[in-house]
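In what follows, a single structure is set out as structure tokens and then discussed.
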Amino acid sequence: MPTFGLVDCNNFYASCERVFQPSLIGRPIVVLSNNDGCVVARSQEAKALGIVMGVPLFKIRDIVELHDVVVRSSNYALYGDLSERVMSILAASAPQHEVYSIDECFLDLDRLPVKDLTGWCHALRRRTKRWTGIPVSIGLGATKTLSKIANKLAKTSAKADGVIDLANHPEWIVAALGKTPVGDVWGIGRRWSAMLNERGITSALELRNAQDGWVRQRMGIVGLRTVHELRGIPCHELETQPSPKKTTCCSRTFGHAIADKDQVRNAIISFAERTAEKIRNSGQVCGSMQVFITTDPFDTSAPQHSASASTTFMTPTADSRALVAAAIGILERFWRDGFSWRKAGVMLLDLSPAGDIQPTLFTNHVASNGLMQAVDRINDRFGRGTIGLGLSAKDAEWRMRQEQLSPHYTTRWQDIPRVRMSEQVPSGAEA
DNA sequence: TCTGGGGTCCTAGGACCC
DNA sequence: TCTGGGGTCCTAGGACCC
């Protein structure tokens, strides 16, 4: 029987905010989405106040004021960097591992020369906390799905102290599944949860006991795999090699709706530049591109419309100039006056390794690659957007709001925290 | 007033082929 | 009158994840 471990950082974004600002410990914190729109992360204290995931900030203004909730814009530079630190500790502890998301990592604990797995997990928790400041919980199970459930229980059970092993305690499984709402099972989202509830299946245990044929018919092969995983039959392997992306996307909701074509074009241009940087960074080229714009679905008084179109490249490319030109061309094709646009995006599709390009007679890859490499190096060294195609204004109206942004403590020299020494050191000394 | 962004996989149906 | 069987590829849409 395999043993999967799932390490999950507790309230990750909120915990990151606390690492360099310990005065936030014990206080309710919410972290907002881009544009400071919705709540995307909450500290335990904020969850206890009844603030739910995804709620728009303006709907919880009263709670925020009444309980003095700390509000932060999302600081992905900080979260990404702390994530890498946590993951490197996990990688050193369990060589066979899969970084599953910014705050989660699956571990293969089978071949570990360890007798007391629970003790080993507690030690790993302590080490991660001490070295990074980030608290984690660890769940163990015979499948990924079961390790997810174990992890969730490890977070909520006071007795568990952050670690629960369902793999070596099969006698706990029925109770664990019985108290897990079916919607909390990995792979069961809102739609399926509602459908299952309607049919009297409310717990993970009831889902585990459902008939295969029925599950296959209602939820397809994907749902059936989840049910098998609940029974301890692994259907999802550990993926130790991150697989290359097949698509990539850059999209934004604008600060406010925009009717002016030039401004929308400027936004599209910078999205196209950003996606181009992304795929060059991963050593890929794209075979086709899609551009889309939509009006504000929440503004019921305004006429609604969404438009999108795509184009295919004769030779796959990652050249900013080619991608920006293509994006502008696509926008021209579907642009319509008379609407106020609220969101736009550029998607690159059919990504493939840059080395696989079949050159044609009509493109000069060597010159293109050299220029793009120079651009990327300059931006890497002096900051994103230092140089570009000179078409997109820095202070454009569509740029996102980030009014509560914490410093980039670990990734920007001028933001490095300063530590003031205590009395016994001459005043003014800083480290 | 104010509502995120970036991905994956699967399936059904249509076009087309022999 | 009576109109097969088997396959591929592509796309749009729906479900899910963090």
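Residues in the structure tokens are named by chain (A, B, ... in the order shown) and by number from 1 within that chain; ligands are numbered from 1 in the order shown.
Counting only C-alpha atoms (C1' of nucleotides), every residue of chain A that comes within 10 Å of chain C is listed here: Tyr100, Ser101, Ile102, Asp103, Glu104, Trp186, Gly187, Ile188, Gly189, Arg190, Arg191, Trp192, Met219, Gly220, Val222 and Gly223 of chain A.
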- Query: What's the 12 Å shell around A:Asp415, counting only C-alpha atoms (C1' of nucleotides), without same-chain residues fewer than 5 positions away, as a VMD selection string?
  - Reply: chain A and resid 20 77 to 78 406 to 410
- Please identify which residues in stretch 57-276 of chain A DSSP calls alpha helix (DSSP H) from the backbone, and express them as number ranges by chain. A: 61-66, 76-93, 117-132, 144-156, 173-178, 190-198, 204-208, 212-230, 261-276
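You can rank A:Ser33, A:Thr295, A:Ser83, A:Thr156 by their closest distance to A:His256 using only C-alpha atoms, and at the top of that list sits A:Thr295.
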